[in-house]
file data-v1.cif (mmCIF, C-alpha atoms)
data_entry
#
loop_
_atom_site.label_atom_id
_atom_site.label_comp_id
_atom_site.auth_asym_id
_atom_site.auth_seq_id
_atom_site.Cartn_x
_atom_site.Cartn_y
_atom_site.Cartn_z
CA MET Z 626 -0.33 -3.83 16.07
CA LYS Z 627 -0.79 -0.94 13.70
CA LEU Z 628 0.12 -0.66 10.07
CA MET Z 629 1.72 2.67 9.18
CA PHE Z 630 2.06 4.12 5.72
CA VAL Z 631 4.46 7.04 5.64
CA ILE Z 632 4.99 9.20 2.58
CA VAL Z 633 8.21 11.22 2.47
CA ARG Z 634 10.04 13.11 -0.24
CA ASP Z 635 12.56 11.23 -2.34
CA THR Z 636 15.33 13.44 -1.08
CA ASP Z 637 14.64 12.49 2.54
CA SER Z 638 14.05 8.81 2.03
CA SER Z 639 17.60 7.50 2.53
CA GLU Z 640 18.03 9.35 5.79
CA VAL Z 641 14.57 8.26 6.98
CA LEU Z 642 15.24 4.61 6.15
CA GLN Z 643 18.61 4.67 7.88
CA VAL Z 644 17.20 6.18 11.05
CA LEU Z 645 14.24 3.78 11.18
CA VAL Z 646 16.39 0.70 10.56
CA GLU Z 647 18.93 1.82 13.18
CA ASN Z 648 16.04 1.97 15.62
CA ASN Z 649 15.02 -1.59 14.75
CA PHE Z 650 11.95 -0.81 12.71
CA ARG Z 651 11.41 -3.10 9.77
CA VAL Z 652 10.44 -1.04 6.76
CA THR Z 653 9.22 -1.83 3.28
CA ARG Z 654 9.89 0.90 0.72
CA VAL Z 655 7.80 1.58 -2.38
CA ALA Z 656 8.59 4.23 -4.98
CA SER Z 657 5.64 6.54 -5.48
CA THR Z 658 4.69 9.95 -6.82
CA GLY Z 659 2.46 12.65 -5.45
CA GLY Z 660 -0.18 14.78 -7.09
CA PHE Z 661 -0.68 15.54 -10.71
CA LEU Z 662 2.92 16.68 -11.25
CA ARG Z 663 4.15 13.27 -10.11
CA ARG Z 664 6.69 14.72 -7.75
CA GLY Z 665 8.87 11.82 -6.63
CA ASN Z 666 8.26 10.50 -3.17
CA VAL Z 667 8.55 7.25 -1.29
CA THR Z 668 5.89 5.31 0.57
CA LEU Z 669 7.11 3.33 3.56
CA MET Z 670 5.10 0.54 5.15
CA LEU Z 671 5.78 -0.52 8.73
CA GLY Z 672 4.07 -2.87 11.15
CA VAL Z 673 4.42 -1.10 14.49
CA GLU Z 674 3.23 -1.71 18.03
CA GLU Z 675 0.83 1.04 19.06
CA GLU Z 676 3.12 2.40 21.78
CA LYS Z 677 5.91 2.92 19.24
CA ILE Z 678 3.99 5.05 16.75
CA GLN Z 679 5.04 8.25 18.43
CA ALA Z 680 8.68 7.14 18.31
CA VAL Z 681 8.37 6.67 14.55
CA ILE Z 682 6.83 10.10 14.15
CA ASP Z 683 9.60 11.66 16.27
CA LEU Z 684 12.24 9.97 14.09
CA LEU Z 685 10.51 11.27 10.96
CA ARG Z 686 10.64 14.81 12.33
CA GLN Z 687 14.37 14.41 12.92
CA ALA Z 688 15.23 12.77 9.61
CA CYS Z 689 13.16 14.85 7.18
CA CYS Z 690 14.39 18.27 6.15
CA PRO Z 691 11.99 21.13 6.84
CA PRO Z 692 9.64 21.57 3.88
CA GLU Z 693 10.43 24.48 1.59
CA ASP Z 694 6.95 25.43 0.52
CA ILE Z 695 3.44 24.19 1.14
CA GLN Z 696 4.64 20.62 1.24
CA HIS Z 697 4.91 18.71 4.47
CA ARG Z 698 7.81 16.67 5.82
CA ALA Z 699 5.74 13.54 5.80
CA THR Z 700 2.20 12.25 5.53
CA ILE Z 701 1.36 9.53 8.03
CA PHE Z 702 -1.53 7.09 7.71
CA VAL Z 703 -2.08 4.62 10.56
CA VAL Z 704 -4.58 1.76 10.41
CA ASP Z 705 -5.45 -1.00 12.84
CA MET Z 706 -3.89 -4.33 12.03
CA PRO Z 707 -5.72 -7.18 13.77
CA TYR Z 708 -3.47 -9.81 12.23
CA TYR Z 709 0.26 -9.81 11.59
CA GLU Z 710 2.49 -12.77 10.88
CA GLN Z 711 5.93 -13.58 9.58
CA ILE Z 712 6.19 -17.08 8.15
CA MET P 355 -13.63 -8.51 3.84
CA LYS P 356 -10.02 -8.10 4.82
CA LEU P 357 -7.23 -6.37 2.99
CA MET P 358 -3.98 -8.34 3.01
CA PHE P 359 -0.54 -6.96 2.28
CA VAL P 360 1.98 -9.72 1.72
CA ILE P 361 5.69 -9.07 1.30
CA VAL P 362 7.72 -11.83 -0.35
CA ARG P 363 11.19 -12.02 -1.82
CA ASP P 364 11.65 -11.14 -5.48
CA THR P 365 12.80 -14.65 -6.22
CA ASP P 366 9.57 -16.18 -4.91
CA SER P 367 7.17 -13.69 -6.38
CA SER P 368 6.43 -15.39 -9.72
CA GLU P 369 5.63 -18.69 -8.06
CA VAL P 370 3.51 -16.96 -5.40
CA LEU P 371 1.54 -15.01 -7.99
CA GLN P 372 0.93 -18.10 -10.09
CA VAL P 373 -0.34 -20.13 -7.15
CA LEU P 374 -2.60 -17.35 -5.88
CA VAL P 375 -4.10 -16.65 -9.32
CA GLU P 376 -4.66 -20.39 -9.94
CA ASN P 377 -6.64 -20.40 -6.71
CA ASN P 378 -8.77 -17.49 -7.90
CA PHE P 379 -7.31 -14.79 -5.73
CA ARG P 380 -7.07 -11.41 -7.40
CA VAL P 381 -3.70 -9.89 -6.64
CA THR P 382 -2.11 -6.51 -7.22
CA ARG P 383 1.68 -6.55 -7.29
CA VAL P 384 3.94 -3.67 -6.32
CA ALA P 385 7.74 -3.70 -6.54
CA SER P 386 9.29 -2.83 -3.21
CA THR P 387 12.50 -3.08 -1.25
CA GLY P 388 13.20 -4.03 2.32
CA GLY P 389 15.42 -2.48 4.93
CA PHE P 390 18.34 -0.19 4.45
CA LEU P 391 20.09 -2.47 1.95
CA ARG P 392 17.04 -2.26 -0.31
CA ARG P 393 16.90 -5.98 -0.87
CA GLY P 394 14.39 -6.54 -3.65
CA ASN P 395 11.01 -7.80 -2.64
CA VAL P 396 7.44 -7.60 -3.81
CA THR P 397 4.38 -6.35 -1.98
CA LEU P 398 1.11 -8.03 -2.92
CA MET P 399 -2.28 -6.55 -2.12
CA LEU P 400 -5.36 -8.79 -1.97
CA GLY P 401 -8.95 -8.24 -0.91
CA VAL P 402 -9.87 -11.51 0.80
CA GLU P 403 -12.87 -12.87 2.65
CA GLU P 404 -11.95 -13.52 6.26
CA GLU P 405 -12.44 -17.29 5.99
CA LYS P 406 -9.94 -17.48 3.15
CA ILE P 407 -7.01 -15.78 4.88
CA GLN P 408 -5.66 -19.06 6.16
CA ALA P 409 -5.82 -20.51 2.65
CA VAL P 410 -3.68 -17.64 1.38
CA ILE P 411 -1.15 -18.19 4.16
CA ASP P 412 -1.03 -21.92 3.39
CA LEU P 413 -0.39 -21.16 -0.28
CA LEU P 414 2.39 -18.76 0.69
CA ARG P 415 4.06 -21.47 2.76
CA GLN P 416 3.94 -23.79 -0.25
CA ALA P 417 5.10 -21.31 -2.84
CA CYS P 418 7.93 -19.54 -0.99
CA CYS P 419 11.29 -21.26 -0.68
CA PRO P 420 12.52 -21.75 2.88
CA PRO P 421 14.46 -18.68 3.97
CA GLU P 422 18.22 -19.03 3.98
CA ASP P 423 19.10 -16.82 6.89
CA ILE P 424 17.28 -14.59 9.33
CA GLN P 425 14.80 -13.59 6.65
CA HIS P 426 11.28 -14.93 6.61
CA ARG P 427 9.35 -16.48 3.74
CA ALA P 428 6.76 -13.75 3.90
CA THR P 429 5.48 -10.92 6.02
CA ILE P 430 1.71 -10.74 6.23
CA PHE P 431 -0.29 -7.69 7.27
CA VAL P 432 -4.08 -8.03 7.48
CA VAL P 433 -6.42 -5.09 8.06
CA ASP P 434 -10.19 -4.85 8.25
CA MET P 435 -11.83 -3.57 5.11
CA PRO P 436 -15.34 -2.27 5.79
CA TYR P 437 -15.86 -1.24 2.18
CA TYR P 438 -14.87 -2.94 -1.04
CA GLU P 439 -16.17 -2.31 -4.53
CA GLN P 440 -15.36 -3.01 -8.12
CA ILE P 441 -16.89 -0.51 -10.51
CA MET X 1214 -10.82 9.42 8.19
CA LYS X 1215 -10.64 6.53 5.79
CA LEU X 1216 -7.72 5.29 3.76
CA MET X 1217 -8.66 4.39 0.19
CA PHE X 1218 -6.65 2.24 -2.16
CA VAL X 1219 -7.87 2.52 -5.73
CA ILE X 1220 -6.56 0.36 -8.55
CA VAL X 1221 -7.14 1.63 -12.07
CA ARG X 1222 -5.75 0.72 -15.45
CA ASP X 1223 -2.58 2.44 -16.63
CA THR X 1224 -4.44 3.98 -19.52
CA ASP X 1225 -6.93 5.70 -17.22
CA SER X 1226 -4.52 6.83 -14.56
CA SER X 1227 -3.61 10.28 -15.91
CA GLU X 1228 -7.23 11.27 -16.32
CA VAL X 1229 -8.10 9.88 -12.87
CA LEU X 1230 -5.25 11.75 -11.21
CA GLN X 1231 -6.15 14.98 -12.93
CA VAL X 1232 -9.79 14.78 -11.89
CA LEU X 1233 -8.98 13.87 -8.29
CA VAL X 1234 -6.41 16.64 -7.90
CA GLU X 1235 -8.77 19.20 -9.48
CA ASN X 1236 -11.26 18.21 -6.80
CA ASN X 1237 -8.68 18.80 -4.07
CA PHE X 1238 -7.97 15.20 -3.20
CA ARG X 1239 -4.36 14.51 -2.31
CA VAL X 1240 -3.27 11.35 -4.05
CA THR X 1241 -0.18 9.15 -3.89
CA ARG X 1242 0.43 7.05 -7.00
CA VAL X 1243 2.21 3.70 -7.09
CA ALA X 1244 2.93 1.72 -10.25
CA SER X 1245 1.55 -1.81 -9.95
CA THR X 1246 0.54 -4.81 -12.00
CA GLY X 1247 -2.45 -7.09 -11.82
CA GLY X 1248 -2.74 -10.85 -11.98
CA PHE X 1249 -0.30 -13.31 -13.39
CA LEU X 1250 0.01 -11.53 -16.74
CA ARG X 1251 1.19 -8.42 -14.94
CA ARG X 1252 -1.15 -6.15 -16.82
CA GLY X 1253 -0.06 -2.62 -16.00
CA ASN X 1254 -2.17 -0.72 -13.54
CA VAL X 1255 -1.79 1.99 -10.97
CA THR X 1256 -2.57 1.92 -7.28
CA LEU X 1257 -3.67 5.23 -5.78
CA MET X 1258 -3.67 5.92 -2.05
CA LEU X 1259 -5.86 8.67 -0.60
CA GLY X 1260 -6.73 9.76 2.91
CA VAL X 1261 -10.37 10.77 2.65
CA GLU X 1262 -13.08 11.93 5.04
CA GLU X 1263 -15.84 9.34 5.19
CA GLU X 1264 -18.45 11.65 3.68
CA LYS X 1265 -16.28 12.18 0.60
CA ILE X 1266 -15.78 8.54 -0.35
CA GLN X 1267 -18.80 8.54 -2.60
CA ALA X 1268 -17.51 11.66 -4.36
CA VAL X 1269 -14.25 9.86 -5.12
CA ILE X 1270 -16.14 6.86 -6.48
CA ASP X 1271 -18.29 9.13 -8.65
CA LEU X 1272 -15.16 10.81 -10.04
CA LEU X 1273 -13.65 7.40 -10.79
CA ARG X 1274 -16.76 6.42 -12.76
CA GLN X 1275 -16.42 9.62 -14.80
CA ALA X 1276 -12.71 9.43 -15.40
CA CYS X 1277 -12.23 5.74 -16.20
CA CYS X 1278 -13.18 4.46 -19.64
CA PRO X 1279 -15.74 1.66 -19.68
CA PRO X 1280 -13.96 -1.69 -19.40
CA GLU X 1281 -13.67 -3.66 -22.62
CA ASP X 1282 -13.89 -7.17 -21.26
CA ILE X 1283 -14.20 -8.81 -17.86
CA GLN X 1284 -12.05 -6.13 -16.30
CA HIS X 1285 -13.52 -3.43 -14.10
CA ARG X 1286 -13.00 0.30 -14.27
CA ALA X 1287 -11.52 0.33 -10.81
CA THR X 1288 -11.11 -1.72 -7.67
CA ILE X 1289 -11.70 0.21 -4.47
CA PHE X 1290 -10.50 -0.84 -1.03
CA VAL X 1291 -11.48 1.35 1.93
CA VAL X 1292 -10.10 0.86 5.44
CA ASP X 1293 -10.63 2.77 8.66
CA MET X 1294 -7.84 5.14 9.54
CA PRO X 1295 -7.89 6.05 13.22
CA TYR X 1296 -4.80 8.22 12.92
CA TYR X 1297 -3.71 10.62 10.21
CA GLU X 1298 -1.13 13.35 10.40
CA GLN X 1299 0.92 15.59 8.18
CA ILE X 1300 4.09 16.82 9.84
#
call {"tool": "encode", "arguments": {"input": "data-v1.cif", "output": "structure tokens"}}
result
Amino acid sequence: MKLMFVIVRDTDSSEVLQVLVENNFRVTRVASTGGFLRRGNVTLMLGVEEEKIQAVIDLLRQACCPPEDIQHRATIFVVDMPYYEQI
Amino acid sequence: MKLMFVIVRDTDSSEVLQVLVENNFRVTRVASTGGFLRRGNVTLMLGVEEEKIQAVIDLLRQACCPPEDIQHRATIFVVDMPYYEQI
Amino acid sequence: MKLMFVIVRDTDSSEVLQVLVENNFRVTRVASTGGFLRRGNVTLMLGVEEEKIQAVIDLLRQACCPPEDIQHRATIFVVDMPYYEQI
């Protein structure tokens, strides 16, 4: 399993969440801000099987509006997760 | 060291925090929401020695009420942490 | 790449953010609390090249006031990040 952290703009977060949940990804959402100006964004945390990471990234491309300036649609951090459990 | 992310329901978070702190775990707490309905939950972050992960999970089982429906008591993500420092 | 989580006190967070951004680190900021007393702190998330981790730690030492009691200036968690992308 991998643990993904995905940072998207506030304005895209509802659409992103809806698309991920519709595709059966379980997502935890944390309000966050970016940079010194504290531009509002959202950090999503997902436990994902390795072979589904690309599917998540494809959904993010669909659900996020094209960035207007030097921003990106999304920033994606993926780390190995040797242990995952739901109790 | 390992880095644990633990997601518990809002309603269990005070009890979970108390039990973890009483057992000398240092915990950082972040407000979060789960899924599309944005059900309130809490994400805890702990740096834990590998041999103490099971103790944390046992404490979570104690401190979280049994889930009422298809929810779980807690979702536990554990990742390797090659570097840890307090300055 | 490495993924750093840095926890600093509320009162230091503006200075820390300013210094990191001035040094071209991209930072995501999450409001958090520590311990059972829920002392206010801030969790920062940064994707950083391995050779720059020490620079981040040096900047944290500069930007955070010396701790008054048993607290630390900052808690630093670093994990391996095999995959990183901005889309």
call {"tool": "resolve_selection", "arguments": {"input": "data-v1.cif", "expression": "the PyMOL selection byres ((chain P and resi 394) around 9)", "output": "list in words"}}
result
Arg363, Asp364, Thr365, Ala385, Ser386, Thr387, Gly388, Leu391, Arg392, Arg393, Asn395 and Val396 of chain P
call {"tool": "calpha_fit_and_write", "arguments": {"input": "data-v1.cif", "fixed": "chain X", "moving": "chain P", "output": "PDB file with C-alpha atoms, in the coordinates of the input"}}
result
ATOM      1  CA  MET P 355     -10.834   9.431   8.168  1.00  0.00           C
ATOM      2  CA  LYS P 356     -10.643   6.525   5.785  1.00  0.00           C
ATOM      3  CA  LEU P 357      -7.732   5.287   3.757  1.00  0.00           C
ATOM      4  CA  MET P 358      -8.671   4.387   0.186  1.00  0.00           C
ATOM      5  CA  PHE P 359      -6.653   2.226  -2.166  1.00  0.00           C
ATOM      6  CA  VAL P 360      -7.885   2.513  -5.727  1.00  0.00           C
ATOM      7  CA  ILE P 361      -6.562   0.353  -8.546  1.00  0.00           C
ATOM      8  CA  VAL P 362      -7.135   1.636 -12.080  1.00  0.00           C
ATOM      9  CA  ARG P 363      -5.750   0.717 -15.467  1.00  0.00           C
ATOM     10  CA  ASP P 364      -2.578   2.430 -16.645  1.00  0.00           C
ATOM     11  CA  THR P 365      -4.442   3.986 -19.526  1.00  0.00           C
ATOM     12  CA  ASP P 366      -6.926   5.719 -17.221  1.00  0.00           C
ATOM     13  CA  SER P 367      -4.505   6.832 -14.572  1.00  0.00           C
ATOM     14  CA  SER P 368      -3.599  10.287 -15.926  1.00  0.00           C
ATOM     15  CA  GLU P 369      -7.226  11.273 -16.322  1.00  0.00           C
ATOM     16  CA  VAL P 370      -8.091   9.882 -12.876  1.00  0.00           C
ATOM     17  CA  LEU P 371      -5.240  11.752 -11.214  1.00  0.00           C
ATOM     18  CA  GLN P 372      -6.154  15.001 -12.929  1.00  0.00           C
ATOM     19  CA  VAL P 373      -9.797  14.789 -11.898  1.00  0.00           C
ATOM     20  CA  LEU P 374      -8.989  13.876  -8.298  1.00  0.00           C
ATOM     21  CA  VAL P 375      -6.396  16.652  -7.908  1.00  0.00           C
ATOM     22  CA  GLU P 376      -8.770  19.217  -9.480  1.00  0.00           C
ATOM     23  CA  ASN P 377     -11.256  18.227  -6.799  1.00  0.00           C
ATOM     24  CA  ASN P 378      -8.677  18.795  -4.069  1.00  0.00           C
ATOM     25  CA  PHE P 379      -7.962  15.207  -3.205  1.00  0.00           C
ATOM     26  CA  ARG P 380      -4.356  14.508  -2.322  1.00  0.00           C
ATOM     27  CA  VAL P 381      -3.251  11.338  -4.046  1.00  0.00           C
ATOM     28  CA  THR P 382      -0.172   9.152  -3.884  1.00  0.00           C
ATOM     29  CA  ARG P 383       0.429   7.055  -6.985  1.00  0.00           C
ATOM     30  CA  VAL P 384       2.205   3.711  -7.083  1.00  0.00           C
ATOM     31  CA  ALA P 385       2.916   1.703 -10.238  1.00  0.00           C
ATOM     32  CA  SER P 386       1.541  -1.800  -9.943  1.00  0.00           C
ATOM     33  CA  THR P 387       0.533  -4.799 -11.993  1.00  0.00           C
ATOM     34  CA  GLY P 388      -2.450  -7.080 -11.815  1.00  0.00           C
ATOM     35  CA  GLY P 389      -2.746 -10.826 -11.974  1.00  0.00           C
ATOM     36  CA  PHE P 390      -0.318 -13.302 -13.380  1.00  0.00           C
ATOM     37  CA  LEU P 391      -0.015 -11.535 -16.741  1.00  0.00           C
ATOM     38  CA  ARG P 392       1.190  -8.411 -14.941  1.00  0.00           C
ATOM     39  CA  ARG P 393      -1.144  -6.135 -16.822  1.00  0.00           C
ATOM     40  CA  GLY P 394      -0.063  -2.598 -16.006  1.00  0.00           C
ATOM     41  CA  ASN P 395      -2.173  -0.715 -13.550  1.00  0.00           C
ATOM     42  CA  VAL P 396      -1.789   1.994 -10.968  1.00  0.00           C
ATOM     43  CA  THR P 397      -2.587   1.922  -7.276  1.00  0.00           C
ATOM     44  CA  LEU P 398      -3.672   5.232  -5.770  1.00  0.00           C
ATOM     45  CA  MET P 399      -3.661   5.913  -2.047  1.00  0.00           C
ATOM     46  CA  LEU P 400      -5.855   8.672  -0.599  1.00  0.00           C
ATOM     47  CA  GLY P 401      -6.722   9.753   2.922  1.00  0.00           C
ATOM     48  CA  VAL P 402     -10.380  10.760   2.654  1.00  0.00           C
ATOM     49  CA  GLU P 403     -13.070  11.923   5.038  1.00  0.00           C
ATOM     50  CA  GLU P 404     -15.829   9.342   5.197  1.00  0.00           C
ATOM     51  CA  GLU P 405     -18.449  11.652   3.672  1.00  0.00           C
ATOM     52  CA  LYS P 406     -16.290  12.187   0.605  1.00  0.00           C
ATOM     53  CA  ILE P 407     -15.776   8.542  -0.350  1.00  0.00           C
ATOM     54  CA  GLN P 408     -18.802   8.541  -2.599  1.00  0.00           C
ATOM     55  CA  ALA P 409     -17.512  11.654  -4.357  1.00  0.00           C
ATOM     56  CA  VAL P 410     -14.253   9.858  -5.119  1.00  0.00           C
ATOM     57  CA  ILE P 411     -16.134   6.856  -6.490  1.00  0.00           C
ATOM     58  CA  ASP P 412     -18.294   9.127  -8.656  1.00  0.00           C
ATOM     59  CA  LEU P 413     -15.175  10.803 -10.041  1.00  0.00           C
ATOM     60  CA  LEU P 414     -13.666   7.399 -10.792  1.00  0.00           C
ATOM     61  CA  ARG P 415     -16.763   6.416 -12.756  1.00  0.00           C
ATOM     62  CA  GLN P 416     -16.433   9.605 -14.800  1.00  0.00           C
ATOM     63  CA  ALA P 417     -12.717   9.428 -15.406  1.00  0.00           C
ATOM     64  CA  CYS P 418     -12.248   5.727 -16.206  1.00  0.00           C
ATOM     65  CA  CYS P 419     -13.184   4.450 -19.647  1.00  0.00           C
ATOM     66  CA  PRO P 420     -15.747   1.647 -19.677  1.00  0.00           C
ATOM     67  CA  PRO P 421     -13.963  -1.686 -19.384  1.00  0.00           C
ATOM     68  CA  GLU P 422     -13.645  -3.666 -22.584  1.00  0.00           C
ATOM     69  CA  ASP P 423     -13.871  -7.169 -21.240  1.00  0.00           C
ATOM     70  CA  ILE P 424     -14.181  -8.831 -17.867  1.00  0.00           C
ATOM     71  CA  GLN P 425     -12.034  -6.144 -16.285  1.00  0.00           C
ATOM     72  CA  HIS P 426     -13.517  -3.451 -14.109  1.00  0.00           C
ATOM     73  CA  ARG P 427     -13.002   0.300 -14.272  1.00  0.00           C
ATOM     74  CA  ALA P 428     -11.533   0.331 -10.804  1.00  0.00           C
ATOM     75  CA  THR P 429     -11.110  -1.724  -7.683  1.00  0.00           C
ATOM     76  CA  ILE P 430     -11.701   0.201  -4.484  1.00  0.00           C
ATOM     77  CA  PHE P 431     -10.502  -0.841  -1.039  1.00  0.00           C
ATOM     78  CA  VAL P 432     -11.472   1.351   1.924  1.00  0.00           C
ATOM     79  CA  VAL P 433     -10.095   0.860   5.434  1.00  0.00           C
ATOM     80  CA  ASP P 434     -10.629   2.768   8.656  1.00  0.00           C
ATOM     81  CA  MET P 435      -7.841   5.141   9.541  1.00  0.00           C
ATOM     82  CA  PRO P 436      -7.897   6.057  13.233  1.00  0.00           C
ATOM     83  CA  TYR P 437      -4.802   8.223  12.935  1.00  0.00           C
ATOM     84  CA  TYR P 438      -3.711  10.612  10.226  1.00  0.00           C
ATOM     85  CA  GLU P 439      -1.105  13.341  10.403  1.00  0.00           C
ATOM     86  CA  GLN P 440       0.931  15.585   8.200  1.00  0.00           C
ATOM     87  CA  ILE P 441       4.113  16.802   9.841  1.00  0.00           C
TER      88      ILE P 441
END
call {"tool": "closest_atom_pairs", "arguments": {"input": "data-v1.cif", "of": "chain X", "to": "chain Z", "cutoff": "7 Å", "atoms": "only C-alpha atoms", "output": "CSV"}}
result
residue,atom,partner,partner_atom,distance
X:Leu1230,CA,Z:Phe661,CA,6.0
X:Gln1231,CA,Z:Phe661,CA,5.9
X:Val1234,CA,Z:Phe661,CA,6.5
X:Arg1239,CA,Z:Gly660,CA,6.4
X:Val1240,CA,Z:Gly660,CA,5.5
X:Thr1241,CA,Z:Gly659,CA,4.7
X:Arg1242,CA,Z:Thr658,CA,5.2
X:Val1243,CA,Z:Ser657,CA,4.7
X:Asp1293,CA,Z:Val704,CA,6.4
X:Met1294,CA,Z:Val704,CA,4.8
X:Pro1295,CA,Z:Val704,CA,6.1
X:Tyr1296,CA,Z:Val703,CA,5.1
X:Tyr1297,CA,Z:Phe702,CA,4.8
X:Glu1298,CA,Z:Ile701,CA,5.1
X:Gln1299,CA,Z:Thr700,CA,4.5
X:Ile1300,CA,Z:Ala699,CA,5.5
call {"tool": "write_last_selection", "arguments": {"input": "data-v1.cif", "atoms": "C-alpha atoms", "output": "PDB file, in the frame of the given file"}}
result
ATOM      1  CA  LEU X1230      -5.250  11.750 -11.210  1.00  0.00           C
ATOM      2  CA  GLN X1231      -6.150  14.980 -12.930  1.00  0.00           C
ATOM      3  CA  VAL X1234      -6.410  16.640  -7.900  1.00  0.00           C
ATOM      4  CA  ARG X1239      -4.360  14.510  -2.310  1.00  0.00           C
ATOM      5  CA  VAL X1240      -3.270  11.350  -4.050  1.00  0.00           C
ATOM      6  CA  THR X1241      -0.180   9.150  -3.890  1.00  0.00           C
ATOM      7  CA  ARG X1242       0.430   7.050  -7.000  1.00  0.00           C
ATOM      8  CA  VAL X1243       2.210   3.700  -7.090  1.00  0.00           C
ATOM      9  CA  ASP X1293     -10.630   2.770   8.660  1.00  0.00           C
ATOM     10  CA  MET X1294      -7.840   5.140   9.540  1.00  0.00           C
ATOM     11  CA  PRO X1295      -7.890   6.050  13.220  1.00  0.00           C
ATOM     12  CA  TYR X1296      -4.800   8.220  12.920  1.00  0.00           C
ATOM     13  CA  TYR X1297      -3.710  10.620  10.210  1.00  0.00           C
ATOM     14  CA  GLU X1298      -1.130  13.350  10.400  1.00  0.00           C
ATOM     15  CA  GLN X1299       0.920  15.590   8.180  1.00  0.00           C
ATOM     16  CA  ILE X1300       4.090  16.820   9.840  1.00  0.00           C
TER      17      ILE X1300
END
call {"tool": "residues_near_point", "arguments": {"input": "data-v1.cif", "point": "(-2.1, -18.7, 0.9)", "cutoff": "10 Å", "atoms": "all atoms listed in the file", "output": "ChimeraX atom specification"}}
result
/P:360,370,373-374,377,379,406-417
call {"tool": "atom_distance", "arguments": {"input": "data-v1.cif", "atom1": "CA of Val673 in chain Z", "atom2": "CA of Met626 in chain Z"}}
result
5.7 Å
call {"tool": "atom_distance", "arguments": {"input": "data-v1.cif", "atom1": "CA of Met399 in chain P", "atom2": "CA of Val362 in chain P"}}
result
11.4 Å
